[in-house]
$ cat coords-v3.txt   # compact mmCIF, C-alpha atoms
# COMPACT_ATOMS: atom_id res chain seq x y z
CA MET A 1 130.32 136.51 209.16
CA ALA A 2 131.14 138.54 212.21
CA GLU A 3 134.70 138.72 213.33
CA ARG A 4 135.79 140.43 216.48
CA SER A 5 138.68 140.09 218.85
CA THR A 6 137.69 140.39 222.45
CA GLY A 7 140.03 141.65 225.08
CA MET A 8 141.62 138.94 227.15
CA TYR A 9 144.39 139.41 229.62
CA ASP A 10 146.67 136.74 228.19
CA PRO A 11 148.55 138.37 225.27
CA ASP A 12 149.35 134.92 223.82
CA LYS A 13 145.70 134.06 223.43
CA LYS A 14 143.10 135.52 221.14
CA ARG A 15 139.39 134.92 220.89
CA VAL A 16 137.67 135.49 217.57
CA ILE A 17 133.90 135.49 217.26
CA ARG A 18 133.15 133.81 213.98
CA THR A 19 131.20 131.16 212.19
CA PHE A 20 131.17 129.83 208.66
CA TRP A 21 128.60 128.52 206.23
CA ALA A 22 129.04 125.00 204.95
CA TRP A 23 129.49 126.09 201.33
CA GLN A 24 132.39 128.34 202.34
CA GLU A 25 134.27 125.54 204.00
CA GLU A 26 137.41 125.83 201.85
CA LYS A 27 137.63 129.56 202.45
CA GLU A 28 137.48 128.96 206.18
CA GLU A 29 140.16 126.27 206.01
CA LYS A 30 142.44 128.66 204.13
CA TRP A 31 141.78 131.44 206.62
CA LEU A 32 142.83 129.19 209.52
CA SER A 33 145.98 128.25 207.58
CA GLU A 34 146.78 131.94 207.10
CA MET A 35 146.32 132.53 210.83
CA SER A 36 148.82 129.75 211.56
CA LYS A 37 151.30 131.27 209.14
CA LYS A 38 151.08 134.43 211.24
CA GLY A 39 151.74 132.39 214.37
CA TRP A 40 148.16 132.11 215.63
CA HIS A 41 147.21 128.46 216.00
CA LEU A 42 143.66 127.31 216.59
CA LYS A 43 143.41 125.95 220.12
CA THR A 44 139.73 125.58 220.89
CA VAL A 45 136.58 125.54 218.80
CA GLY A 46 133.71 126.97 220.78
CA PHE A 47 130.16 128.10 220.27
CA PHE A 48 130.53 130.58 217.38
CA ASN A 49 134.04 131.44 218.49
CA TYR A 50 137.60 130.28 218.17
CA ILE A 51 140.46 130.62 220.62
CA PHE A 52 143.91 130.97 219.09
CA GLU A 53 147.23 130.55 220.82
CA ARG A 54 150.41 132.34 219.78
CA GLY A 55 153.31 130.16 218.66
CA GLU A 56 155.95 129.84 215.98
CA PRO A 57 154.52 130.63 212.54
CA HIS A 58 153.94 127.37 210.73
CA HIS A 59 152.13 126.16 207.64
CA TYR A 60 149.36 123.90 208.91
CA LEU A 61 146.58 122.39 206.86
CA TYR A 62 143.10 122.63 208.33
CA ARG A 63 140.22 120.42 207.27
CA PHE A 64 136.67 119.94 208.53
CA ASP A 65 134.65 116.78 208.56
CA PHE A 66 130.91 116.55 209.03
CA LYS A 67 129.76 113.49 210.93
CA VAL A 68 126.82 112.85 213.21
CA MET A 69 127.87 110.10 215.55
CA GLY A 70 127.30 108.39 218.86
CA LYS A 71 129.77 108.45 221.72
CA ASN A 72 130.62 104.79 221.13
CA ASP A 73 132.10 105.43 217.69
CA LEU A 74 133.82 108.68 218.49
CA ASP A 75 137.04 107.20 219.91
CA ASP A 76 137.55 104.98 216.90
CA TYR A 77 136.79 107.85 214.52
CA ILE A 78 139.18 110.31 216.19
CA SER A 79 142.01 107.79 216.49
CA MET A 80 141.72 106.89 212.81
CA PHE A 81 142.26 110.55 211.90
CA GLU A 82 144.99 111.14 214.48
CA ASP A 83 146.89 108.00 213.41
CA ALA A 84 146.82 109.40 209.88
CA GLY A 85 148.41 112.63 211.08
CA TRP A 86 145.28 114.76 211.57
CA LYS A 87 145.09 116.22 215.04
CA CYS A 88 141.52 116.77 216.18
CA ILE A 89 141.22 120.27 217.59
CA GLY A 90 137.59 120.25 218.51
CA ASN A 91 134.09 120.23 217.18
CA PHE A 92 131.24 122.60 216.69
CA SER A 93 127.99 120.67 216.49
CA SER A 94 128.76 117.84 214.05
CA TRP A 95 131.68 119.64 212.40
CA TYR A 96 135.04 118.23 213.46
CA TYR A 97 138.14 120.38 213.04
CA PHE A 98 141.41 118.69 212.06
CA ARG A 99 144.90 120.01 211.56
CA ALA A 100 147.92 118.43 209.88
CA ASP A 101 151.50 119.46 209.32
CA SER A 102 151.85 120.40 205.67
CA SER A 103 155.61 119.91 205.57
CA LEU A 104 155.19 116.12 205.80
CA ASP A 105 152.71 115.89 202.94
CA PRO A 106 151.30 119.08 201.39
CA ASP A 107 148.63 117.15 199.45
CA LYS A 108 147.18 115.47 202.51
CA GLU A 109 143.38 115.21 202.47
CA LEU A 110 140.70 113.72 204.69
CA TYR A 111 138.92 112.39 201.62
CA SER A 112 140.96 110.63 198.96
CA ASN A 113 138.22 110.41 196.36
CA ASN A 114 135.17 112.37 195.26
CA ARG A 115 132.80 109.48 195.84
CA SER A 116 133.38 109.66 199.60
CA LYS A 117 133.31 113.46 199.54
CA VAL A 118 129.82 113.24 198.02
CA GLU A 119 128.80 111.04 200.95
CA LYS A 120 130.00 113.69 203.38
CA TYR A 121 127.91 116.44 201.76
CA LYS A 122 124.92 114.12 201.53
CA ARG A 123 125.13 113.61 205.29
CA LEU A 124 125.11 117.38 205.67
CA LEU A 125 122.13 117.75 203.35
CA ILE A 126 120.13 115.10 205.22
CA PHE A 127 121.03 116.77 208.53
CA LEU A 128 119.72 120.13 207.29
CA LEU A 129 116.60 118.49 205.93
CA ILE A 130 115.86 116.83 209.27
CA VAL A 131 116.49 120.07 211.18
CA ALA A 132 114.69 122.48 208.85
CA GLY A 133 112.29 120.18 206.99
CA PRO A 134 109.47 119.71 209.54
CA VAL A 135 109.21 123.46 210.23
CA MET A 136 109.13 124.10 206.51
CA ALA A 137 106.58 121.44 205.65
CA TYR A 138 104.33 121.74 208.69
CA GLY A 139 105.24 124.57 211.06
CA LEU A 140 105.37 127.50 208.65
CA PRO A 141 102.22 126.70 206.62
CA ASN A 142 100.42 126.30 209.92
CA LEU A 143 101.62 129.69 211.18
CA TYR A 144 100.53 131.41 207.94
CA MET A 145 97.17 129.68 207.92
CA ARG A 146 96.42 131.07 211.37
CA ILE A 147 96.66 134.59 209.99
CA ILE A 148 94.74 133.91 206.83
CA ASP A 149 91.98 131.90 208.49
CA ARG A 150 91.59 134.05 211.55
CA THR A 151 88.53 133.26 213.69
CA PRO A 152 86.72 135.99 215.64
CA ASP A 153 87.91 134.57 218.98
CA SER A 154 91.55 134.23 217.85
CA VAL A 155 94.22 135.67 220.14
CA LEU A 156 95.64 137.29 217.01
CA ASN A 157 92.91 139.95 217.24
CA ASP A 158 94.89 141.40 220.12
CA PRO A 159 97.21 143.95 218.39
CA VAL A 160 100.16 143.34 220.77
CA PHE A 161 100.05 139.63 220.23
CA PHE A 162 99.53 140.14 216.51
CA ASN A 163 102.72 142.21 216.18
CA PHE A 164 104.68 139.66 218.13
CA TYR A 165 103.26 136.96 215.89
CA ILE A 166 104.28 138.78 212.70
CA VAL A 167 107.85 139.22 213.96
CA LEU A 168 107.98 135.52 214.82
CA ILE A 169 106.76 134.53 211.36
CA ILE A 170 109.26 136.82 209.63
CA VAL A 171 112.18 135.45 211.67
CA ILE A 172 111.24 131.81 211.08
CA THR A 173 110.67 132.47 207.38
CA LEU A 174 114.11 134.09 207.04
CA VAL A 175 115.78 131.18 208.82
CA GLU A 176 114.01 128.72 206.55
CA VAL A 177 114.90 130.67 203.40
CA TRP A 178 118.51 130.63 204.59
CA ALA A 179 118.32 126.86 205.17
CA VAL A 180 116.91 126.30 201.69
CA TYR A 181 119.64 128.48 200.21
CA GLY A 182 122.22 126.41 202.11
CA MET A 183 120.74 123.17 200.83
CA VAL A 184 120.83 124.45 197.25
CA ARG A 185 124.48 125.45 197.62
CA ILE A 186 125.36 122.04 199.07
CA ALA A 187 123.42 120.28 196.30
CA ILE A 188 125.49 122.28 193.78
CA ILE A 189 128.70 121.09 195.48
CA ILE A 190 127.45 117.48 195.33
CA ASN A 191 126.65 117.81 191.63
CA ARG A 192 130.05 119.28 190.84
CA LEU A 193 131.79 116.43 192.68
CA LYS A 194 129.59 113.80 191.04
CA ARG A 195 130.69 114.91 187.60
CA ASP A 196 134.22 113.93 188.52
CA ILE A 197 133.93 110.50 190.10
CA ARG A 198 136.74 108.41 188.73
CA GLU A 199 136.29 105.07 190.35
CA MET B 200 118.31 89.07 200.49
CA ASP B 201 120.54 86.11 199.75
CA ASP B 202 124.27 86.44 199.36
CA SER B 203 124.50 86.29 195.57
CA LYS B 204 121.98 89.14 195.26
CA ILE B 205 123.95 91.28 197.70
CA ILE B 206 127.17 90.55 195.82
CA LYS B 207 125.57 91.55 192.52
CA LYS B 208 124.25 94.74 194.10
CA TYR B 209 127.71 95.84 195.26
CA SER B 210 129.62 94.73 192.15
CA PRO B 211 131.69 96.29 190.67
CA LEU B 212 133.53 97.41 193.78
CA THR B 213 135.59 100.57 193.67
CA GLU B 214 139.27 99.86 193.88
CA THR B 215 139.35 101.51 197.29
CA THR B 216 136.68 99.16 198.64
CA PHE B 217 138.32 96.15 197.00
CA TYR B 218 141.64 96.91 198.66
CA ILE B 219 140.04 97.57 202.05
CA LEU B 220 138.32 94.17 201.89
CA LEU B 221 141.56 92.55 200.84
CA ALA B 222 143.43 94.19 203.72
CA LEU B 223 140.83 92.91 206.18
CA LEU B 224 141.60 89.26 205.46
CA GLU B 225 143.58 89.79 208.66
CA PRO B 226 142.05 91.72 211.59
CA LEU B 227 143.23 95.33 211.54
CA HIS B 228 142.38 98.72 212.99
CA GLY B 229 141.85 101.77 210.79
CA TYR B 230 145.42 102.95 210.50
CA GLY B 231 146.59 99.37 209.89
CA ILE B 232 144.24 99.27 206.88
CA MET B 233 145.61 102.54 205.48
CA GLN B 234 149.18 101.28 205.74
CA LYS B 235 148.41 97.89 204.25
CA VAL B 236 146.47 99.31 201.29
CA GLU B 237 149.27 101.76 200.57
CA ARG B 238 151.82 98.93 200.69
CA LEU B 239 149.73 96.58 198.54
CA SER B 240 149.23 99.23 195.87
CA ASP B 241 152.89 100.30 195.91
CA GLY B 242 151.99 103.70 197.33
CA ARG B 243 149.43 104.43 194.62
CA ILE B 244 146.40 104.46 196.92
CA LYS B 245 146.69 106.73 199.94
CA LEU B 246 143.43 106.38 201.83
CA GLY B 247 142.21 109.51 203.58
CA PRO B 248 140.78 108.79 207.05
CA GLY B 249 137.42 110.30 206.10
CA THR B 250 137.17 108.08 203.05
CA LEU B 251 138.21 104.99 205.03
CA TYR B 252 135.81 105.68 207.90
CA GLY B 253 132.91 106.04 205.46
CA ALA B 254 133.87 102.90 203.54
CA LEU B 255 134.11 100.84 206.74
CA GLY B 256 130.64 102.04 207.73
CA ASN B 257 129.25 100.95 204.36
CA LEU B 258 130.97 97.54 204.57
CA LEU B 259 129.69 96.97 208.11
CA GLU B 260 126.19 97.80 206.95
CA ALA B 261 126.55 95.38 204.02
CA LYS B 262 127.67 92.73 206.55
CA MET B 263 130.87 92.08 204.60
CA ILE B 264 133.03 92.92 207.59
CA GLU B 265 132.51 92.93 211.35
CA LEU B 266 134.02 94.37 214.50
CA GLU B 267 136.20 92.03 216.50
CA GLY B 268 134.39 91.22 219.74
CA GLY B 269 135.87 90.97 223.20
CA CYS B 270 137.15 93.55 225.61
CA HIS B 271 139.42 96.16 224.14
CA HIS B 272 141.54 98.33 226.31
CA ASN B 273 142.38 100.14 223.15
CA ARG B 274 140.16 102.91 221.81
CA ARG B 275 140.74 101.68 218.28
CA LYS B 276 138.21 99.23 216.91
CA ILE B 277 139.46 96.13 215.12
CA TYR B 278 137.78 95.22 211.83
CA HIS B 279 137.71 91.80 210.21
CA ILE B 280 136.26 90.34 207.04
CA LYS B 281 133.19 88.05 207.12
CA ASN B 282 132.31 85.19 204.79
CA LEU B 283 130.21 87.44 202.58
CA GLY B 284 133.21 89.73 202.15
CA ILE B 285 135.37 86.82 201.06
CA GLU B 286 132.72 85.76 198.54
CA MET B 287 132.62 89.36 197.32
CA ILE B 288 136.38 89.34 196.70
CA LYS B 289 136.14 86.03 194.82
CA HIS B 290 133.35 87.41 192.65
CA GLU B 291 135.41 90.50 191.82
CA ILE B 292 138.49 88.43 191.01
CA LYS B 293 136.43 86.47 188.47
CA ARG B 294 135.12 89.68 186.94
CA LEU B 295 138.58 91.21 186.74
CA GLU B 296 140.07 88.01 185.31
CA GLU B 297 137.54 88.11 182.49
CA MET B 298 138.47 91.72 181.73
CA LEU B 299 142.15 90.90 181.91
CA LYS B 300 141.83 87.89 179.64
CA ASN B 301 139.79 89.74 177.01
CA GLY B 302 141.96 92.78 177.24
CA LYS B 303 145.21 90.91 176.75
CA GLU B 304 143.79 88.76 173.97
CA LEU B 305 142.27 91.59 171.93
CA ILE B 306 145.10 94.05 172.39
CA GLY B 307 147.49 91.25 171.39
CA ARG B 308 145.53 90.66 168.18
CA LYS B 309 145.48 94.39 167.42
CA VAL B 310 149.24 94.61 167.85
CA TYR B 311 149.59 91.58 165.58
CA TRP B 312 147.47 93.15 162.80
CA ASP B 313 149.16 96.52 163.14
CA VAL B 314 152.55 94.90 162.60

$ encode --input "coords-v3.txt" --output "structure tokens"
Amino acid sequence: MAERSTGMYDPDKKRVIRTFWAWQEEKEEKWLSEMSKKGWHLKTVGFFNYIFERGEPHHYLYRFDFKVMGKNDLDDYISMFEDAGWKCIGNFSSWYYFRADSSLDPDKELYSNNRSKVEKYKRLLIFLLIVAGPVMAYGLPNLYMRIIDRTPDSVLNDPVFFNFYIVLIIVITLVEVWAVYGMVRIAIIINRLKRDIRE
Amino acid sequence: MDDSKIIKKYSPLTETTFYILLALLEPLHGYGIMQKVERLSDGRIKLGPGTLYGALGNLLEAKMIELEGGCHHNRRKIYHIKNLGIEMIKHEIKRLEEMLKNGKELIGRKVYWDV
């Protein structure tokens, strides 16, 4: 997790380069709360970066929701959260960032029971499976097979191309291993929640 | 699938889903549902918006509720119960009545024997 403040001319604004992994969601929510307590309030969620704006220190709650959705449903979705006191700050991919004032209700949550929380993480798991699954099941084996079953006229006999190919395979393999690790962590979260479904 | 099969598939409803269906006997938007469920349950059930949004999606898919048609100038969608939803509520009431009746009867007997 890289974190870096970049120089901007406005002293009341701060950009932080950062991203989080889905299984560290709570840690990230707490970190944003701490920033608000110091007077830095999340203003914009960008591509791997946040922009904070200086204001009065305040205890805000931050929560993220994961939802893949069409434009048609977005208005209804956002207004439901905003009516309930959760201001939508922005989204990064299918992660939506919400903030609420903790002084009104410190126990406020987006999800009021574990059953629906499980549904959220299942959506995330399916999303990862769709994104990473085809490469894992088809792309990677295919790439490896090309090395193992190399024909005499293969372009891989060219050493420059071969090196490039190896780097490509290593990068894709690492990304896939990371995706699998993520899925395992999310599956663990789902299991933990499932053990405590009360209704 | 015919209605009775669908009802059996979804029974027993969670109390959250039961109350959402009950609230939707009148057309409401999301926040209206949250307020009504909280009022009906005397403040016991505070629906989170994430939980409600998911439950509404499931109920729409099960064809127990529908979106009010027509032109809305409002960005909030209005939800309303369908016939299948009403049948679902009736089925659950019967189930709960049976539990209530047996519960009261047997706990009454136990109290009687204990005294």

$ interface_residues --input "coords-v3.txt" --of "chain A" --to "chain B" --cutoff "7 Å" --atoms "only C-alpha atoms" --output "ChimeraX atom specification"
/A:75-76,79-81,83-84,109-112,116,199

$ write_last_selection --input "coords-v3.txt" --atoms "C-alpha atoms" --output "CSV table (one decimal), in the frame of the given file"
chain,number,residue,atom,x,y,z
A,75,ASP,CA,137.0,107.2,219.9
A,76,ASP,CA,137.6,105.0,216.9
A,79,SER,CA,142.0,107.8,216.5
A,80,MET,CA,141.7,106.9,212.8
A,81,PHE,CA,142.3,110.6,211.9
A,83,ASP,CA,146.9,108.0,213.4
A,84,ALA,CA,146.8,109.4,209.9
A,109,GLU,CA,143.4,115.2,202.5
A,110,LEU,CA,140.7,113.7,204.7
A,111,TYR,CA,138.9,112.4,201.6
A,112,SER,CA,141.0,110.6,199.0
A,116,SER,CA,133.4,109.7,199.6
A,199,GLU,CA,136.3,105.1,190.4

$ residues_around --input "coords-v3.txt" --residues "B:Leu239" --least-positions-apart "3" --cutoff "10 Å" --atoms "all atoms listed in the file" --output "PyMOL selection string"
chain B and resi 218+221-222+234-236+242-244

$ atom_distance --input "coords-v3.txt" --atom1 "atom CA of A:Lys13" --atom2 "atom CA of A:Gly90"
16.8 Å

$ atom_distance --input "coords-v3.txt" --atom1 "atom CA of B:Leu283" --atom2 "atom CA of B:Asp202"
6.8 Å

$ residues_around --input "coords-v3.txt" --residues "A:Leu193" --least-positions-apart "2" --cutoff "10 Å" --atoms "all atoms listed in the file" --output "VMD selection string"
chain A and resid 113 to 118 121 187 to 191 195 to 197

$ atom_distance --input "coords-v3.txt" --atom1 "atom CA of B:Glu265" --atom2 "atom CA of B:Leu223"
9.8 Å

$ closest_residue --input "coords-v3.txt" --among "B:Ile306, B:Thr216, B:Glu297, B:Leu266" --to "B:Lys281" --atoms "only C-alpha atoms"
B:Leu266

$ closest_residue --input "coords-v3.txt" --among "B:Val310, B:Leu305, B:Ile280, B:Ile285" --to "B:Pro226" --atoms "only C-alpha atoms"
B:Ile280

$ axis_aligned_box --input "coords-v3.txt" --around "stretch 222-240 of chain B" --padding-each-side "4 Å" --output "AutoDock Vina command-line options"
--center_x 146.3 --center_y 96.1 --center_z 204.4 --size_x 19.0 --size_y 21.7 --size_z 25.1

$ residues_around --input "coords-v3.txt" --residues "A:Ser36" --least-positions-apart "6" --cutoff "12 Å" --atoms "all atoms listed in the file" --output "ChimeraX atom specification"
/A:29-30,42-43,52-62,99-102

$ closest_residue --input "coords-v3.txt" --among "B:Ile219, B:Glu296, B:Asp241, B:Ile288" --to "B:Leu258" --atoms "all atoms listed in the file"
B:Ile219
